[in-house]
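Colleague: For reference, the structure I am asking about is given below.
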Amino acid sequence: MMLDDTIAAIATPIGEGGLAVIRLSGSQALAVADRSFLPVGRHSRKPSEASTHTILYGKVVRDGKQVDEVLVAVMRAPRTYTREDVVEITCHGGLLAAKAVLDAVLANGARLALPGEFTRRAFLNGRLDLAQAEAVADLIHSRTELALRAANEQLAGKLSQRINQLRDDLMNVLAHVEAHIDFPDEDIAPDTREQLFSRLEQALVFMDELLRTANEGQILRRGIRTAIIGRPNAGKSSLLNQLLGRDRAIVSPIPGTTRDTIEETANVRGLPVVFIDTAGLREAQDEIESEGVRRSHQSLGTAEFILHVLDASEPLNSEDEKHLAQFAGKKRILVRNKIDLPEQLDLAALERCAGVCSVERGKSGLEPACGVPMVGVCCLTGKGIEQLKDAIKELVWSGEIKSEMLEVMINSRHQDALNRARMATAQTLDALRADAHLDLVAVDLRIAVNAVGEVVGRTTTEDLLDSIFSQFCIGK
Amino acid sequence: MYIYPKVYDVIVVGGGHAGVEAALAASRIGCEVLLLTTNADTIAQMSCNPAIGGLAKGHIVREIDALGGEMGKTTDMSGLQFRMLNTKKGPAVWSPRAQCDKKDYQYRMKWICERQPNLDIKQAQCHKLLHRRGTVCGVETAMGVQFHGETVVITTGTFLRGLMHIGSETQSGGRAGEAAASGLSASLMEIGLELARFKTGTPPRLLRRTIDFAKTDEQPGDEPIPYFTFWKDQLFHVEQDSAQHVRANHAYPHGSTLERNGGQMPCFITYTTDRTAKIIKENLHLSPLYAGIIEGIGPRYCPSIEDKIVRFPAKERHQIFLEPEGIATDEIYANGFSTSLPFQIQVELVRTIVGCEKAEIIRPAYAVEYDCVFPTQLKPSLETKVCENLFLAGQINGTSGYEEAAAQGLIAGINAANRVMHKPPLVLKRSEAYIGVLIDDLVTKGTVEPYRMFTSRAEYRLSLRQDNADQRLCEIGFQIGLLPIRQYNQFLAKRDRLAAELSRLRRVKYGSETLDQLLRRPEVTYTKLPLRDESLPSDVAQQVEIEIKYGGYIERQQSEIAKFKSFEHKQIPISFDYGSVPSLRLEARQKLSQIRPLTVGQASRISGVSPADISILMVWLKRHPSLQTVAESSQSATEYVCHQEETAN
């Protein structure tokens with residue numbers, strides 16, 4: 001990766017919008033902007049002559065031709081997002097206009113930025129710490145309001161506060177253990193094993209709390225992958241369109257209409273859910289369909305959640321039974337489609353097959369113990385879709401979404417580090433319980449402190465000595 | 001002016017604990033060495049407590065001994081009380097400690113130096129360094145005599161502009177009764193070294209018959225005696241008497257302090273009282289430390305009694321050790337009671353200690369301020385970055401403690417000799433020795449207070465034990481030409497015995513389990529192990545037991561460290577321009593430019609350099625593959641050490 005060239009990209013989402021922003025960053029950002037921009041009006045000037053954090057009016061030109069009428073924001077290093085010179089060109093929205101402006105700056109010496117490269121520069125230039133940089137990525141990729149709030153809280157450093165607290169607690173225990181080891185002749189009274197014990201157990205509880213937020217964090221960040229399956233013509237694509245609230249998939253009464261898998265994200269009760277519409281799982285009639293079926297199987301492998309669509313107007317067939325058995329191990333909801341038509345599905349047989357607990361039968365909550373939840377819908381009219389959304393949320397999100405959880409939602413890097421810290425803390429407790437030598441106890445405790453320190457990027461030795469000397473009167 | 005006609009390979013300035021190890025090492029390797037001391041009677045003087053060892057420090061002495069240094073043997077010969085500390089904890093943190101006879105220690109060390117071939121001792125005050133084009137070439141004494149030499153090792157301890165404080169009285173000097181070295185500081189600054197000012201203190205010495213020891217707790221020495229040296233046959237002169245002539249009543253080394261005293265002497269433990277605290281609080285304004293007269297920074301782990309009272313007001317009493325200074329003196333060292341309060345307050349204060357109600361002070365306590373050099377101005381070889389062939393060792397580098405000083409002296413002496421012989425420097429790794437941790441910490445992180453070793457500074461603590469210092473370092477000691485062949489052969493024999501027994505235990509089964517599995521159980525010790533080798537020497541049996549019982553933990557520790565240190569040995573070119581990396585934070589750029597780490601691992605340990613800075617540095621090093629080849633050619637030091645390691649394996 002190069003750090004000293006100038007990069008550019010369209011900073012707003014691709015699509016129809018009133019305005020679009022093209023962002024430039026790097027040592028040549030002002031020069032590139034000079035070459036691409038023609039100031040208009042008495043107060044406007046070349047970007048390189050403008051003072052920092054001002055806006056200029058003018059035109060973007062390429063090969064002498066006007067490309068668009070724009071506003072240019074000039075921000076000089078270091079008070080910018082990347083700590084480099086940054087120029088943001090606000091042009092008319094729509095893919096074509098934005099693309100034309102981008103082409104103009106690229107032709108004048110900028111390079112197309114790689115995904116996430118602005119944030120990476122901000123991190124490398126010391127503008128953000130690692131946890132904050134990760135939060136920015138989450139912020140950009142957050143798919144719902146909830147995720148956005150979680151990312152914002154992390155950016156504000158709330159996670160770092162919690163982790164630092166945990167690290168201080170563990171460090172304190174380590175200081176007591178090390179004081180025992182390094183100062184045997186001193187008249188000091190570090191905590192006894194029993195006292196250390198209870199403090200470590202508290203730390204474990206704290207880590208468990210943080211770790212519990214990990215799964216929710218994952219879901220908020222990248223959405224839960226939900227495959228819609230069922231035999232051909234059960235109404236999978238209709239269901240997808242209903243859940244998305246628009247006609248995304250082509251729907252026809254002909255079995256095998258969907259040839260390829262389709263992925264779309266929808267906001268279900270605040271949660272991002274990635275729906276994967278699969279080609280009907282059947283013996284394919286031609287080469288294209290068979291490729292579609294192959295892809296279906298592939299995306300089924302990555303799905304964490306299954307919506308199994310059954311045709312209520314027809315009896316259960318062997319294909320349905322096969323699917324019921326095949327996905328018995330996955331989190332799933334059975335969706336009885338076409339409930340407007342006369343019921344042909346033998347519920348008794350279905351219950352035998354899958355242990356179904358029907359939502360329609362008046363049970364408000366879905367207790368997992370009673371088996372697989374089932375919801376009846378009509379994809380033509382939209383009947384039952386709201387209940388289905390409730391059922392999805394209930395299943396993927398255990399309990400309420402608490403606001404304090406959002407503050408510390410951890411990502412997979414944090415989760416990995418915390419898991420190691422947790423394991424090492426548990427081993428420390430085991431060693432204390434087994435009356436192991438304190439120098440051995442210290443090995444695991446240090447692993448725990450280091451692992452927690454990884455999240456916030458801090459090291460051990462000097463902090464440890466500070467902690468010892470501030471607590472104990474050492475000095476023969 | 002007189003230029004001394006003999007040109008030396010190595011000139012050592014200062015005859016303290018660092019100086020003698022440096023001079024002995026360089027002359028034993030084969031260099032012509034000059035040891036300059038301001039007073040030949042105070043060679044290897046124990047200015048503070050006459051004790052050697054203790055946690056982590058005992059480890060260092062064992063390492064010095066394994067490399068072929070002198071400190072361990074002299075301690076064994078002059079100790080009057082020996083203890084192994086921490087035996088209730090694991091063997092990694094056991095540590096030997098000895099209370100020595102102050103005069104015996106110093107005179108034996110002096111005599112060893114005098115008898116050492118290739119080593120000249122001269123009494124003179126060095127006040128100026130001679131250098132030419134950035135390379136040192138000798139020294140000049142206060143009398144105007146020049147000594148010329150290829151390399152110079154400075155080990156001046158607390159004598160650089162030393163200033164002693166007792167109350168508001170100040171007196172120039174490095175130690176009570178001795179003059180300070182004044183000229184050398186200017187000379188060091190003139191060649192471009194930046195100096196810091198540190199402070200340390202020493203407690204009063206009391207007259208034995210004025211103390212009521214019945215009111216104190218007696219602390220006896222350990223039996224059998226935990227000697228420091230690995231080479232006990234040397235201690236007991238087996239080479240002269242041959243083994244069967246070692247008489248049964250020959251319990252102590254011939255000529256040792258213990259032999260003359262007929263056994264060990266006890267130390268005593270007592271406490272301060274609330275009257276101690278009261279007097280200190282009333283007179284705090286008279287302490288030069290609190291009155292702001294002392295500017296130097298003192299160590300947190302060795303505070304004065306006034307510091308302890310102020311910082312820990314809740315503590316009702318403070319522990320004081322009453323320790324004999326020798327077998328032929330009645331001076332008692334009041335360990336834990338260092339102070340710089342005026343003498344009249346000290347008189348009153350000492351008499352508040354339990355058992356010391358009528359105590360008479362022979363020598364008052366005092367604080368001493370001195371110049372030292374920021375150790376980040378040194379290379380890992382202890383050579384200064386600004387002046388070639390100039391090495392610094394000991395307290396001048398901001399450390400405290402005889403052991404820390406001796407370890408640096410040994411390494412500086414070895415590396416001065418290596419320079420003379422055009423060999424690459426010896427740099428011990430953090431995974432190899434406490435000495436490696438010590439020097440890496442000093443040259444990489446620097447220190448903001450007098451640096452003392454703690455076991456918690458060593459991330460490889462479980463491997464860096466006092467019992468296996470020989471296994472870790474004898475090979476290196478022999479390769480550099482310091483450890484004699486006789487000791488080397490003893491080490492080889494022990495190593496082979498150890499390896500053979502370890503492999504036998506892995507192979508031989510008892511019931512369904514192998515012997516090593518059996519030994520891993522907490523309740524099984526080697527002496528209880530079925531099918532054990534009865535002929536195995538006890539020190540080898542102990543090592544076998546530790547290796548096997550600790551095995552799992554040692555592996556965990558290693559893999560934990562390996563995870564963080566994948567970039568440990570990635571080289572940074574010595575000429576690398578940190579200014580060319582715009583993305584480095586200002587503080588990191590300054591620290592890196594100043595310290596010039598040789599590896600990314602070293603860079604990562606510099607305080608003020610964040611993980612983000614290291615990522616940036618890595619990116620930069622990767623971006624410029626041309627830098628890699630430059631880096632490769634400056635690897636000789638590491639290669640040398642690696643080569644040693646291969647031979648050791």
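FYI, nothing fancy with the structure tokens labels: chains A, B, ... in order, residues from 1 per chain, ligands from 1 as they appear.
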So that I can see what lies close to Ile3 (chain B), please list as an NGL selection string the residues with an atom at most 10 Å from it, counting only C-alpha atoms and leaving out residues fewer than 6 positions away in the same chain.
Modeller: :B and (140 or 144-148)
Colleague: Which residues, written as a ChimeraX atom specification, have at least one atom at most 12 Å from region 104-110 of chain A, with only C-alpha atoms counted and residues fewer than 3 positions away on the same chain left out?
Modeller: /A:4-10,22-37,59-68,87-89,97-101,113
Colleague: May I have the residues from that selection written out with N, CA and C atoms, as a short mmCIF file (atom, residue, chain, number, x, y, z; two decimals), in the first residue's frame?
Modeller:
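The resulting file, result-v7.cif, is shown below:
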```cif
data_model
loop_
_atom_site.label_atom_id
_atom_site.label_comp_id
_atom_site.auth_asym_id
_atom_site.auth_seq_id
_atom_site.Cartn_x
_atom_site.Cartn_y
_atom_site.Cartn_z
N ASP A 4 1.78 7.87 0.12
CA ASP A 4 2.05 9.27 -0.23
C ASP A 4 1.39 9.70 -1.54
N ASP A 5 0.62 8.82 -2.18
CA ASP A 5 -0.08 9.28 -3.38
C ASP A 5 -1.45 9.82 -2.97
N THR A 6 -2.15 10.38 -3.97
CA THR A 6 -3.42 11.02 -3.66
C THR A 6 -4.55 10.14 -4.17
N ILE A 7 -5.50 9.89 -3.27
CA ILE A 7 -6.58 8.97 -3.63
C ILE A 7 -7.90 9.72 -3.74
N ALA A 8 -8.83 9.13 -4.51
CA ALA A 8 -10.13 9.74 -4.69
C ALA A 8 -11.19 8.66 -4.79
N ALA A 9 -12.40 8.98 -4.33
CA ALA A 9 -13.51 8.05 -4.48
C ALA A 9 -14.82 8.81 -4.29
N ILE A 10 -15.89 8.21 -4.77
CA ILE A 10 -17.21 8.78 -4.51
C ILE A 10 -17.57 8.40 -3.08
N ILE A 22 -17.46 13.71 -3.98
CA ILE A 22 -16.23 13.02 -4.37
C ILE A 22 -15.14 13.52 -3.43
N ARG A 23 -14.47 12.57 -2.76
CA ARG A 23 -13.47 12.97 -1.78
C ARG A 23 -12.06 12.68 -2.29
N LEU A 24 -11.17 13.64 -2.08
CA LEU A 24 -9.76 13.50 -2.46
C LEU A 24 -8.92 13.60 -1.18
N SER A 25 -7.89 12.77 -1.07
CA SER A 25 -7.01 12.88 0.09
C SER A 25 -5.58 12.56 -0.32
N GLY A 26 -4.63 13.34 0.20
CA GLY A 26 -3.23 13.08 -0.11
C GLY A 26 -2.47 14.37 -0.32
N SER A 27 -1.17 14.25 -0.48
CA SER A 27 -0.33 15.44 -0.56
C SER A 27 -0.62 16.26 -1.82
N GLN A 28 -1.15 15.60 -2.87
CA GLN A 28 -1.44 16.31 -4.11
C GLN A 28 -2.92 16.67 -4.26
N ALA A 29 -3.69 16.51 -3.17
CA ALA A 29 -5.13 16.72 -3.29
C ALA A 29 -5.47 18.11 -3.81
N LEU A 30 -4.74 19.13 -3.30
CA LEU A 30 -5.02 20.51 -3.73
C LEU A 30 -4.61 20.71 -5.19
N ALA A 31 -3.48 20.14 -5.57
CA ALA A 31 -2.99 20.29 -6.95
C ALA A 31 -3.95 19.62 -7.93
N VAL A 32 -4.41 18.42 -7.57
CA VAL A 32 -5.35 17.71 -8.44
C VAL A 32 -6.64 18.54 -8.56
N ALA A 33 -7.09 19.08 -7.43
CA ALA A 33 -8.31 19.89 -7.44
C ALA A 33 -8.12 21.14 -8.31
N ASP A 34 -6.93 21.76 -8.23
CA ASP A 34 -6.63 22.93 -9.06
C ASP A 34 -6.81 22.62 -10.55
N ARG A 35 -6.28 21.43 -10.91
CA ARG A 35 -6.32 21.07 -12.33
C ARG A 35 -7.73 20.71 -12.79
N SER A 36 -8.61 20.33 -11.84
CA SER A 36 -9.94 19.86 -12.24
C SER A 36 -11.01 20.93 -12.08
N PHE A 37 -10.65 22.02 -11.45
CA PHE A 37 -11.68 22.96 -11.00
C PHE A 37 -11.46 24.35 -11.58
N LYS A 59 -16.79 25.20 -11.40
CA LYS A 59 -17.12 24.10 -12.31
C LYS A 59 -15.99 23.09 -12.35
N VAL A 60 -16.37 21.83 -12.51
CA VAL A 60 -15.34 20.82 -12.79
C VAL A 60 -15.21 20.74 -14.30
N VAL A 61 -13.97 20.81 -14.76
CA VAL A 61 -13.74 20.77 -16.21
C VAL A 61 -12.81 19.62 -16.55
N ARG A 62 -13.01 19.05 -17.71
CA ARG A 62 -12.09 18.02 -18.17
C ARG A 62 -11.84 18.28 -19.65
N ASP A 63 -10.61 18.36 -20.02
CA ASP A 63 -10.20 18.68 -21.39
C ASP A 63 -10.93 19.92 -21.88
N GLY A 64 -11.04 20.92 -21.04
CA GLY A 64 -11.65 22.19 -21.42
C GLY A 64 -13.16 22.17 -21.42
N LYS A 65 -13.76 21.02 -21.20
CA LYS A 65 -15.23 20.96 -21.22
C LYS A 65 -15.78 20.92 -19.82
N GLN A 66 -16.92 21.63 -19.63
CA GLN A 66 -17.53 21.61 -18.31
C GLN A 66 -18.16 20.25 -18.03
N VAL A 67 -17.86 19.70 -16.86
CA VAL A 67 -18.42 18.41 -16.48
C VAL A 67 -19.64 18.60 -15.57
N ASP A 68 -19.48 19.46 -14.57
CA ASP A 68 -20.60 19.69 -13.65
C ASP A 68 -20.37 20.99 -12.90
N VAL A 87 -9.87 17.31 -0.11
CA VAL A 87 -10.78 18.17 -0.86
C VAL A 87 -12.05 17.36 -1.11
N GLU A 88 -13.21 17.94 -0.80
CA GLU A 88 -14.46 17.25 -1.07
C GLU A 88 -15.26 18.06 -2.10
N ILE A 89 -15.59 17.40 -3.22
CA ILE A 89 -16.31 18.07 -4.29
C ILE A 89 -17.76 17.61 -4.24
N ALA A 97 -23.30 11.75 -13.15
CA ALA A 97 -22.64 13.01 -12.82
C ALA A 97 -21.45 12.75 -11.90
N ALA A 98 -21.69 11.95 -10.84
CA ALA A 98 -20.63 11.68 -9.88
C ALA A 98 -19.47 10.97 -10.55
N LYS A 99 -19.79 10.03 -11.41
CA LYS A 99 -18.76 9.27 -12.11
C LYS A 99 -17.93 10.20 -13.01
N ALA A 100 -18.59 11.15 -13.66
CA ALA A 100 -17.88 12.06 -14.55
C ALA A 100 -16.90 12.93 -13.77
N VAL A 101 -17.31 13.40 -12.59
CA VAL A 101 -16.42 14.22 -11.76
C VAL A 101 -15.25 13.38 -11.27
N ALA A 113 -9.36 5.18 -4.81
CA ALA A 113 -9.08 4.63 -3.48
C ALA A 113 -9.56 3.19 -3.38
#
```
Colleague: Find the residues of chain B in contact range of chain A, meaning any atom within 9 Å when counting only C-alpha atoms, and list them as a VMD selection string.
Modeller: chain B and resid 55 to 56 85 to 86 88 to 93 300 to 305 308 311 to 312 315 318 to 321 335 to 338 454 to 459 461 to 462 550 553 to 554 556 to 557 560 582 to 585 605 610 to 613 615 to 616 619 to 620 623
Colleague: Find the spatial neighbours of Ser187 (chain B), counting only C-alpha atoms, within a cut-off of 8 Å - ignore same-chain residues fewer than 4 positions away - and output them as a ChimeraX atom specification.
Modeller: /B:127-129,183,191
Colleague: Selected residues, C-alpha atoms, written as a short mmCIF file (atom, residue, chain, number, x, y, z; two decimals), in the first residue's frame, please.
Modeller:
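This is the output file out20.cif:
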```cif
data_model
loop_
_atom_site.label_atom_id
_atom_site.label_comp_id
_atom_site.auth_asym_id
_atom_site.auth_seq_id
_atom_site.Cartn_x
_atom_site.Cartn_y
_atom_site.Cartn_z
CA HIS B 127 39.20 13.44 34.81
CA LYS B 128 39.18 13.54 31.06
CA LEU B 129 38.51 11.30 28.09
CA GLY B 183 36.04 16.49 35.60
CA ILE B 191 31.53 14.19 23.52
#
```
Colleague: Hey, can you check how far CA of Tyr526 (chain B) sits from CA of Ala493 (chain B)?
Modeller: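 About the pair CA of Tyr526 (chain B) and CA of Ala493 (chain B): they are 20.0 Å apart.
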